[in-house]
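What follows is the content of input24.txt, which has compact mmCIF, C-alpha atoms and all ligand atoms:
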# COMPACT_ATOMS: atom_id res chain seq x y z
CA MET A 75 20.10 243.26 63.68
CA ARG A 76 18.63 241.97 60.49
CA GLY A 77 19.53 242.94 57.00
CA ARG A 78 16.97 245.25 55.47
CA LEU A 79 14.29 243.30 53.64
CA LEU A 80 13.88 244.27 50.03
CA GLY A 81 11.47 241.70 48.69
CA ILE A 82 7.89 240.86 49.40
CA ALA A 83 7.74 237.09 48.92
CA MET A 84 7.42 235.21 52.17
CA CYS A 85 9.35 231.97 52.31
CA GLY A 86 7.19 229.39 54.04
CA SER A 87 10.09 227.01 54.44
CA CYS A 88 11.99 229.61 56.45
CA LEU A 89 9.77 228.76 59.39
CA GLY A 90 11.38 225.34 59.43
CA THR A 91 14.88 226.72 60.04
CA HIS A 92 16.24 226.90 63.52
CA GLN A 93 16.94 230.53 64.16
CA PRO A 94 17.04 231.32 67.85
CA ASP A 95 15.21 234.60 67.50
CA GLY A 96 12.53 236.26 65.41
CA LEU A 97 10.80 233.42 63.58
CA PHE A 98 8.22 235.73 62.14
CA ASP A 99 10.40 238.52 60.79
CA ASP A 100 12.57 236.12 58.78
CA ALA A 101 11.11 236.77 55.36
CA CYS A 102 13.04 235.46 52.42
CA THR A 103 13.55 238.16 49.83
CA ALA A 104 12.58 237.29 46.30
CA VAL A 105 15.27 236.60 43.75
CA ALA A 106 14.59 238.47 40.54
CA VAL A 107 14.02 235.42 38.39
CA ASP A 108 10.25 235.38 38.21
CA ALA A 109 10.51 235.25 34.44
CA GLY A 110 13.30 233.84 32.37
CA SER A 111 16.09 231.47 33.10
CA ARG A 112 18.47 233.56 35.18
CA GLY A 113 18.40 236.38 37.65
CA PHE A 114 20.43 238.40 40.09
CA ALA A 115 19.69 240.04 43.40
CA THR A 116 21.88 242.36 45.47
CA LEU A 117 21.07 242.58 49.17
CA PRO A 118 22.70 244.76 51.83
CA MET A 119 24.81 243.18 54.57
CA THR A 120 25.40 244.61 58.02
CA TRP A 121 28.50 243.69 60.04
CA THR A 122 29.19 243.46 63.75
CA ARG A 123 32.64 243.04 65.29
CA ASP A 124 33.00 239.71 67.14
CA GLU A 125 35.94 240.03 69.55
CA GLY A 126 35.87 236.31 70.31
CA LEU A 127 36.52 235.44 66.70
CA GLY A 128 38.64 238.47 65.92
CA ALA A 129 36.49 239.12 62.89
CA TRP A 130 33.31 240.81 61.70
CA VAL A 131 30.16 238.69 61.45
CA SER A 132 27.17 239.66 59.32
CA ALA A 133 23.50 239.56 60.14
CA PRO A 134 21.87 236.64 58.30
CA VAL A 135 20.72 237.40 54.78
CA ARG A 136 17.89 235.32 53.35
CA VAL A 137 17.00 234.76 49.72
CA ASN A 138 14.24 232.62 48.24
CA VAL A 139 15.59 230.05 45.80
CA PRO A 140 12.93 228.78 43.33
CA ASP A 141 12.11 225.07 43.21
CA ASP A 142 13.32 224.70 39.62
CA VAL A 143 16.79 226.05 40.42
CA ARG A 144 19.68 224.52 38.48
CA GLY A 145 22.54 226.54 39.92
CA VAL A 146 22.98 229.28 42.48
CA SER A 147 25.91 231.35 43.67
CA VAL A 148 26.34 233.97 46.37
CA THR A 149 29.16 236.51 46.54
CA LEU A 150 30.01 238.43 49.71
CA ASP A 151 31.26 241.71 48.32
CA ALA A 152 32.80 243.99 50.93
CA GLY A 153 35.22 245.91 48.76
CA ALA A 154 38.84 244.99 49.44
CA ALA A 155 38.03 243.17 52.71
CA ARG A 156 38.44 239.38 52.68
CA THR A 157 35.15 237.65 53.34
CA ALA A 158 33.77 234.13 53.59
CA VAL A 159 30.50 232.36 54.18
CA LEU A 160 30.45 231.45 57.86
CA SER A 161 27.33 229.35 57.59
CA ALA A 162 24.69 228.66 54.97
CA THR A 163 21.49 226.62 55.03
CA LEU A 164 19.08 225.95 52.19
CA ASP A 165 15.51 225.07 53.16
CA GLY A 166 16.85 224.33 56.63
CA ARG A 167 19.53 221.88 55.50
CA VAL A 168 23.13 222.79 56.25
CA VAL A 169 25.18 223.60 53.17
CA LEU A 170 28.26 224.87 54.98
CA ASP A 171 29.02 225.53 58.64
CA ALA A 172 32.43 226.82 59.71
CA ARG A 173 31.39 228.18 63.12
CA GLN A 174 32.65 225.37 65.30
CA GLY A 175 35.99 225.16 63.55
CA LEU A 176 36.45 228.90 63.89
CA VAL A 177 35.53 229.02 67.56
CA LEU A 178 38.04 226.25 68.20
CA ALA A 179 40.73 228.02 66.22
CA ALA A 180 40.05 231.24 68.10
CA ARG A 181 40.33 229.47 71.47
CA ARG A 182 43.55 227.71 70.59
CA SER A 183 45.29 230.80 69.34
CA GLY A 184 44.46 232.83 72.43
CA ARG A 185 44.25 236.48 71.53
CA VAL A 186 42.98 236.44 68.02
CA THR A 187 43.73 238.83 65.24
CA ALA A 188 42.43 238.53 61.75
CA ASP A 189 45.68 237.14 60.42
CA SER A 190 46.58 234.89 63.35
CA TRP A 191 43.38 232.86 63.32
CA PHE A 192 43.55 232.68 59.58
CA ASP A 193 46.77 230.67 59.94
CA THR A 194 45.60 228.79 62.99
CA PHE A 195 42.48 227.65 61.28
CA PHE A 196 44.43 225.45 58.92
CA ASP A 197 45.89 223.51 61.83
CA THR A 198 42.44 222.85 63.21
CA ALA A 199 40.53 222.53 59.97
CA ASP A 200 39.98 218.82 60.50
CA THR A 201 38.54 219.23 63.99
CA GLY A 202 35.50 220.86 65.42
CA VAL A 203 33.30 220.52 62.35
CA PRO A 204 30.60 217.89 62.88
CA GLU A 205 30.51 215.09 60.36
CA GLY A 206 28.19 215.89 57.47
CA PHE A 207 28.53 219.63 58.03
CA PRO A 208 31.18 220.78 55.59
CA GLY A 209 33.28 223.60 57.00
CA TRP A 210 36.00 225.62 55.34
CA ASN A 211 38.71 224.09 53.19
CA ALA A 212 36.62 220.94 52.83
CA ALA A 213 34.89 219.20 49.93
CA PRO A 214 33.00 220.05 47.84
CA PHE A 215 33.59 223.81 48.19
CA PHE A 216 37.10 224.21 49.66
CA HIS A 217 35.73 227.58 50.70
CA LEU A 218 38.15 230.04 52.34
CA PRO A 219 38.22 233.76 53.11
CA THR A 220 39.09 235.79 50.05
CA VAL A 221 38.12 239.08 48.45
CA ALA A 222 34.55 238.81 47.13
CA ALA A 223 34.26 235.19 48.31
CA THR A 224 31.75 233.14 46.37
CA LEU A 225 29.87 229.98 47.32
CA GLN A 226 28.23 228.01 44.53
CA LEU A 227 25.91 225.03 44.14
CA PRO A 228 26.58 222.70 42.43
CA MET A 229 30.30 221.98 42.62
CA ASN A 230 29.71 218.35 41.65
CA ALA A 231 26.87 215.85 41.17
CA ARG A 232 26.31 215.58 44.94
CA SER A 233 25.90 219.30 45.58
CA ARG A 234 23.10 220.29 43.23
CA PRO A 235 20.87 222.95 44.77
CA TRP A 236 17.24 222.58 45.79
CA GLY A 237 14.51 225.14 46.35
CA GLY A 238 13.80 226.95 49.58
CA CYS A 239 15.13 229.70 51.77
CA LEU A 240 18.87 230.25 51.43
CA ASP A 241 20.09 231.65 54.73
CA VAL A 242 23.65 233.02 54.65
CA THR A 243 25.79 234.44 57.45
CA GLY A 244 29.09 235.96 56.40
CA VAL A 245 32.37 236.70 58.12
CA ALA A 246 34.91 239.39 57.19
CA VAL A 247 38.56 238.91 58.07
CA ASP A 248 39.39 242.55 57.37
CA ASP A 249 37.32 245.54 58.46
CA PRO A 250 34.44 245.74 55.97
CA GLY A 251 33.45 249.21 57.14
CA ASP A 252 29.90 250.00 56.17
CA ALA A 253 30.31 248.32 52.81
CA GLY A 254 28.78 245.01 52.00
CA THR A 255 26.35 243.32 49.71
CA LEU A 256 25.34 239.75 49.15
CA ARG A 257 25.05 239.22 45.42
CA VAL A 258 22.93 236.25 44.46
CA ALA A 259 22.82 234.68 40.99
CA VAL A 260 20.34 231.95 40.17
CA GLN A 261 19.90 229.83 37.06
CA ARG A 262 16.51 228.15 36.62
CA ARG A 263 15.50 225.18 34.57
CA ALA A 264 15.96 225.66 30.85
CA ASP A 265 15.49 223.32 27.92
CA ASP A 266 18.91 223.87 26.42
CA VAL A 267 22.41 224.21 27.81
CA GLY A 268 22.62 227.97 27.38
CA VAL A 269 25.40 230.33 26.46
CA LEU A 270 28.11 232.36 28.18
CA ASP A 271 28.33 236.10 27.54
CA LEU A 272 31.84 237.57 27.60
CA ASP A 273 33.10 241.14 27.96
CA VAL A 274 36.65 241.09 26.58
CA VAL A 275 38.69 244.02 27.94
CA VAL A 276 42.07 244.43 26.24
CA LEU A 277 44.59 246.59 28.08
CA GLU A 278 45.80 249.14 25.54
CA GLY A 279 49.13 247.94 24.19
CA ALA A 280 48.40 244.26 24.72
CA ASP A 281 48.41 243.70 20.95
CA LEU A 282 45.59 241.27 20.27
CA THR A 283 43.85 241.51 16.89
CA GLU A 284 40.16 240.86 16.39
CA ASP A 285 41.06 237.99 14.08
CA GLN A 286 43.21 236.40 16.81
CA LEU A 287 40.42 236.86 19.35
CA ALA A 288 37.97 235.19 16.98
CA GLN A 289 40.30 232.20 16.69
CA VAL A 290 40.75 232.03 20.46
CA LEU A 291 36.99 232.14 21.04
CA GLY A 292 36.59 229.46 18.36
CA VAL A 293 38.83 227.16 20.41
CA VAL A 294 36.76 227.81 23.55
CA ASP A 295 33.53 227.22 21.67
CA THR A 296 34.83 223.96 20.19
CA VAL A 297 36.16 222.63 23.50
CA TYR A 298 32.90 223.29 25.32
CA ALA A 299 30.51 222.44 22.47
CA SER A 300 32.20 219.11 21.74
CA HIS A 301 31.20 218.03 25.26
CA ASP A 302 27.70 219.59 25.14
CA GLY A 303 28.88 222.40 27.37
CA PRO A 304 27.80 226.05 27.14
CA GLY A 305 28.30 227.91 23.87
CA LEU A 306 29.41 231.50 23.58
CA GLY A 307 26.69 234.15 23.52
CA THR A 308 27.20 237.89 23.27
CA VAL A 309 30.89 238.80 23.12
CA GLN A 310 31.78 242.46 23.49
CA TRP A 311 35.22 243.99 22.90
CA PHE A 312 36.55 246.89 24.99
CA THR A 313 39.91 248.64 25.28
CA MET A 314 41.09 249.90 28.68
CA GLN A 315 43.30 252.95 28.29
CA GLY A 316 45.71 254.62 30.64
CA VAL A 317 46.85 251.51 32.51
CA ASP A 318 50.05 249.45 32.34
CA PRO A 319 49.46 246.67 29.80
CA ARG A 320 51.86 244.53 31.89
CA PRO A 321 50.27 244.60 35.35
CA ARG A 322 51.65 242.79 38.37
CA LEU A 323 49.40 240.06 39.77
CA ARG A 324 48.59 242.32 42.73
CA ASP A 325 47.26 244.94 40.31
CA LEU A 326 44.71 242.57 38.80
CA PRO A 327 41.99 242.94 41.49
CA GLY A 328 41.86 246.70 40.90
CA LEU A 329 41.60 246.19 37.14
CA ARG A 330 38.85 243.58 37.55
CA ALA A 331 36.75 246.01 39.57
CA VAL A 332 36.86 248.86 37.04
CA PRO A 333 33.27 249.51 35.87
CA ILE A 334 32.85 249.08 32.13
CA ALA A 335 30.44 251.35 30.27
CA GLY A 336 28.27 249.12 28.11
CA HIS A 337 28.96 245.98 30.18
CA THR A 338 26.53 243.15 29.36
CA ASP A 339 24.52 242.29 32.48
CA GLY A 340 25.74 238.92 33.70
CA ALA A 341 28.68 238.74 31.30
CA THR A 342 31.98 237.29 32.45
CA LEU A 343 34.95 239.66 32.23
CA ILE A 344 38.04 238.63 30.24
CA LEU A 345 41.05 240.90 30.92
CA VAL A 346 43.76 240.64 28.27
CA ALA A 347 47.25 241.80 29.29
CA ALA A 348 50.47 242.06 27.26
CA GLY A 349 52.26 240.32 30.13
CA PHE A 350 52.23 239.78 33.88
CA THR A 351 55.18 241.72 35.33
CA GLY A 352 56.98 239.48 37.81
CA SER A 353 55.09 236.36 36.66
CA PRO A 354 55.95 235.99 32.95
CA GLY A 355 55.21 232.25 32.92
CA THR A 356 51.68 232.47 34.33
CA LEU A 357 49.35 231.77 31.40
CA GLY A 358 46.17 233.09 32.98
CA LEU A 359 44.37 233.60 36.27
CA ALA A 360 40.75 233.17 37.31
CA GLY A 361 39.42 235.70 39.82
CA GLY A 362 37.99 233.03 42.09
CA LEU A 363 37.10 229.37 42.29
CA PRO A 364 34.27 229.80 41.75
CA GLY A 365 34.36 233.51 40.99
CA PRO A 366 31.64 236.13 41.32
CA LEU A 367 29.20 236.12 38.45
CA GLY A 368 27.67 239.09 36.72
CA ALA A 369 29.36 241.57 38.99
CA THR A 370 32.21 244.04 38.94
CA THR A 371 34.31 243.03 41.93
CA PRO A 372 38.05 242.57 42.58
CA ALA A 373 37.55 238.83 41.90
CA SER A 374 35.44 239.11 38.76
CA GLY A 375 36.55 237.50 35.56
CA VAL A 376 39.59 235.89 34.04
CA ALA A 377 42.96 237.50 33.22
CA LEU A 378 45.06 236.31 30.28
CA ASN A 379 48.81 236.79 29.77
CA LEU A 380 49.49 237.12 26.03
CA GLY A 381 53.27 237.16 26.50
CA ALA A 382 53.23 233.66 27.96
CA HIS A 383 51.53 232.45 24.77
CA ARG A 384 54.08 233.92 22.32
CA ASP A 385 57.09 232.14 20.85
CA ALA A 386 60.57 233.65 20.32
CA ASP A 387 59.33 235.19 17.05
CA TYR A 388 56.38 236.89 18.86
CA ARG A 389 53.89 234.53 17.22
CA LEU A 390 50.77 234.00 19.33
CA ASP A 391 49.76 230.38 20.01
CA VAL A 392 46.00 230.90 19.62
CA ARG A 393 45.17 227.24 20.32
CA LEU A 394 47.00 227.36 23.66
CA LEU A 395 45.46 230.76 24.46
CA GLY A 396 42.00 229.34 23.71
CA GLU A 397 42.64 226.39 26.01
CA THR A 398 43.94 228.74 28.70
CA LEU A 399 40.76 230.82 28.45
CA ALA A 400 38.55 227.71 28.54
CA HIS A 401 40.56 226.44 31.55
CA GLU A 402 40.35 229.71 33.50
CA LEU A 403 36.65 230.05 32.71
CA GLY A 404 36.32 226.52 34.08
CA HIS A 405 37.81 227.71 37.39
CA GLN A 406 35.62 230.82 37.41
CA LEU A 407 32.53 228.64 36.92
CA GLY A 408 33.53 226.16 39.65
CA LEU A 409 35.98 223.55 38.37
CA PHE A 410 39.08 222.54 40.31
CA HIS A 411 42.19 221.01 38.76
CA THR A 412 41.57 217.31 38.16
CA THR A 413 45.02 216.67 39.64
CA GLU A 414 47.20 219.26 41.38
CA ALA A 415 50.95 219.57 40.81
CA ASN A 416 51.82 217.31 43.75
CA GLY A 417 49.77 214.39 42.40
CA ARG A 418 48.07 214.04 45.77
CA SER A 419 45.16 216.51 45.58
CA PHE A 420 42.28 215.87 43.20
CA ASP A 421 38.99 217.48 42.22
CA VAL A 422 35.55 216.70 43.69
CA HIS A 423 34.16 214.74 40.73
CA ASP A 424 33.70 210.96 40.69
CA ASP A 425 34.06 210.71 36.93
CA THR A 426 37.41 212.45 36.29
CA PRO A 427 40.57 210.32 36.19
CA THR A 428 43.30 211.21 38.68
CA CYS A 429 47.08 211.00 38.37
CA ASP A 430 48.68 209.69 41.57
CA VAL A 431 52.28 210.85 42.09
CA ASP A 432 53.24 207.45 43.51
CA LEU A 433 52.20 205.74 40.28
CA PHE A 434 52.87 208.23 37.48
CA ASP A 435 55.76 210.54 38.49
CA ASP A 436 58.20 208.78 36.16
CA ASP A 437 61.07 211.24 36.65
CA ARG A 438 60.57 211.32 40.43
CA ASP A 439 60.65 215.12 40.62
CA GLY A 440 57.68 215.28 42.98
CA THR A 441 55.30 216.79 40.43
CA VAL A 442 53.16 215.13 37.78
CA SER A 443 53.34 216.53 34.23
CA ALA A 444 50.70 216.37 31.54
CA GLU A 445 52.95 213.98 29.62
CA GLU A 446 53.36 211.66 32.64
CA CYS A 447 49.57 211.70 33.10
CA VAL A 448 48.58 211.32 29.45
CA SER A 449 46.94 207.94 30.13
CA ARG A 450 44.97 209.50 33.00
CA ASP A 451 43.85 213.16 33.07
CA GLY A 452 46.81 214.78 31.24
CA ARG A 453 44.47 215.66 28.36
CA ASN A 454 41.72 217.07 30.59
CA LEU A 455 41.02 220.80 30.18
CA MET A 456 41.39 221.21 33.95
CA PHE A 457 44.75 219.44 34.39
CA TRP A 458 46.99 221.67 36.51
CA THR A 459 49.56 222.51 33.81
CA ALA A 460 49.83 222.73 30.03
CA GLY A 461 51.22 219.87 27.95
CA ASP A 462 52.68 219.37 24.49
CA PHE A 463 49.29 218.27 23.18
CA ALA A 464 45.68 219.41 23.13
CA GLN A 465 44.01 219.44 26.55
CA ASP A 466 40.33 219.53 25.71
CA ALA A 467 38.77 216.59 27.56
CA LEU A 468 35.92 217.17 30.01
CA SER A 469 33.88 214.64 31.99
CA PRO A 470 30.06 214.75 32.13
CA GLY A 471 30.34 215.79 35.78
CA GLN A 472 32.55 218.74 34.89
CA VAL A 473 30.23 219.80 32.05
CA ASP A 474 27.24 219.61 34.41
CA VAL A 475 28.84 222.27 36.64
CA LEU A 476 29.52 224.52 33.63
CA VAL A 477 25.98 224.34 32.24
CA ARG A 478 24.37 224.84 35.66
CA SER A 479 26.49 227.89 36.48
CA PRO A 480 24.44 231.10 36.70
CA ALA A 481 27.08 232.57 34.37
CA THR A 482 25.25 230.83 31.54
CA ARG A 483 21.89 231.97 30.22
CA ARG A 484 19.32 230.56 27.84
CA SER A 485 20.05 231.60 24.28
CA PRO A 486 17.27 233.51 22.49
ZN ZN B 501 44.20 226.21 36.69
Would you give me this structure, written as structure tokens?
Amino acid sequence: MRGRLLGIAMCGSCLGTHQPDGLFDDACTAVAVDAGSRGFATLPMTWTRDEGLGAWVSAPVRVNVPDDVRGVSVTLDAGAARTAVLSATLDGRVVLDARQGLVLAARRSGRVTADSWFDTFFDTADTGVPEGFPGWNAAPFFHLPTVAATLQLPMNARSRPWGGCLDVTGVAVDDPGDAGTLRVAVQRRADDVGVLDLDVVVLEGADLTEDQLAQVLGVVDTVYASHDGPGLGTVQWFTMQGVDPRPRLRDLPGLRAVPIAGHTDGATLILVAAGFTGSPGTLGLAGGLPGPLGATTPASGVALNLGAHRDADYRLDVRLLGETLAHELGHQLGLFHTTEANGRSFDVHDDTPTCDVDLFDDDRDGTVSAEECVSRDGRNLMFWTAGDFAQDALSPGQVDVLVRSPATRRSP
């Protein structure tokens, strides 16, 4: 069964894709970006249980991506069910294909349940995916099933999008029920770098003043602007009442999905908490990497932990909080850590320095600190952990991902 077709624009290039059935009913629906620099479309998804995979597979959903596209992201929103892109082609070229790896994982694990193949897949992730066809957990996406899973182009200089018919098939690890939409966000060519709109939602009792917020946003603006990254656009301030200002991490998805009256269309949510109960040292958390854009889902937006930014005298370190927000926004818009804690995993950019544990772990504790990596990427905004100095460096490749993200729009 096909997803219901909402648009009217036929996508000529769709005829070049290799769908086994129904060449002539495969219209690409139009993305609502006929005018302006950015647009969104929400398309229904229909799911069918696949006993062989132990999962639910969607009918293909097709969206027309304009030729002057700069960035595009798709989010598979099926409520609380974990989803992923199973396969995606753009103008007939494979963007991601996890089918073969999944079939292999399903065979090897015998009777498959949602959770068993999820684990098994990691053992077989390096097999079964043809060369040149990125599957799951592979560069440049490192895509995996998660709530409101999002796939984005570009993730680096080699994965910039092109125009044509974007053909997406999804998989749900948990029962999606009848729910499901594919949310598409597209940014088109613009003359300037654009701005990011933010909806700042402070949990009542979190104790952040407007003056402190202005300083924090000033840090974000300076970090991005000094590298020709996106500026800040419309920033709205909201207070969420009647919830614990110190949520547990597992409470965050529910808070992210709360609809906000007066929400700016396309704005990125910033949740501000007094603390994270059970995780007092976690500075902040992005909802996804990349996260859903312009949508209220359990993975939307960035959460900040004020308590982790206060000293013994309750003073708020606004510079660190600003860097945390800029860092988490970086994740939400598609940036990985330049170097992970183990000093063995690095991002997907060619122009970011890396900090190899074998060369820079001076105290031999198995992790690389910002101080140990100061001559490499210790000062990069996307280093994995905070340091005793400013971390505001960004490479041109990293900035390119930020400015192409559909989270940014052309400023008026
Ligand atoms: Zn991070």
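Using only C-alpha atoms, the smallest distance between any of A:Val376, A:Val293, A:Val317, A:Val442 and Leu272 of chain A comes from A:Val376.
Taking only C-alpha atoms and all ligand atoms into account, the residues that come within 9 Å of ligand ZN 501 (chain B) are A:Gly358, A:Leu359, A:Ala360, A:Thr398, A:His401, A:Glu402, A:Gly404, A:His405, A:Leu409, A:Phe410, A:His411, A:Glu414, A:Met456, A:Phe457, A:Trp458, A:Thr459.
Counting all atoms listed in the file and comparing A:Gly381, A:Pro118, A:Pro134, A:Gly175, the residue that lies closest to Phe350 of chain A is A:Gly381.
Note that the spacing between atom CA of Gly254 of chain A and atom CA of Leu343 of chain A amounts to 21.4 Å.
Using only C-alpha atoms, the nearest neighbour of Thr482 of chain A within the list A:Ala158, A:Leu407, A:Leu323, A:Leu176 is A:Leu407.
When all atoms listed in the file are used to measure the gap to Thr283 of chain A, the shortest distance among A:Thr313, A:Gly113, A:Asn416, A:Pro366 belongs to A:Thr313.
For the residues A:Gly336, A:Gly303, A:Pro427, A:Pro480, ranking by smallest atom-to-atom distance to Val258 of chain A using only C-alpha atoms places A:Pro480 first.
The coordinates place atom CA of Leu476 of chain A at 25.4 Å from atom CA of Pro333 of chain A.
Closest approach to Leu225 of chain A among A:Ala172, A:Leu455, A:Ala212, A:Leu150: A:Leu150, based on only C-alpha atoms.
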Could I get segment 268-287 of chain A from the block written as a short mmCIF file (atom, residue, chain, number, x, y, z; two decimals), in the first residue's frame, with C-alpha atoms?
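The result, written out as result.cif:
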data_model
loop_
_atom_site.label_atom_id
_atom_site.label_comp_id
_atom_site.auth_asym_id
_atom_site.auth_seq_id
_atom_site.Cartn_x
_atom_site.Cartn_y
_atom_site.Cartn_z
CA GLY A 268 20.41 32.83 7.93
CA VAL A 269 19.31 32.78 11.53
CA LEU A 270 18.10 30.28 14.11
CA ASP A 271 14.80 30.87 15.90
CA LEU A 272 14.63 29.63 19.49
CA ASP A 273 11.69 28.94 21.81
CA VAL A 274 13.15 28.99 25.32
CA VAL A 275 10.94 27.08 27.76
CA VAL A 276 11.96 27.50 31.40
CA LEU A 277 10.54 24.95 33.82
CA GLU A 278 8.96 26.96 36.63
CA GLY A 279 11.42 27.05 39.52
CA ALA A 280 14.50 26.72 37.34
CA ASP A 281 15.59 30.24 38.33
CA LEU A 282 16.98 31.81 35.18
CA THR A 283 16.66 35.59 34.81
CA GLU A 284 16.07 37.32 31.50
CA ASP A 285 19.39 39.11 31.95
CA GLN A 286 21.19 35.78 32.38
CA LEU A 287 19.44 34.37 29.32
#
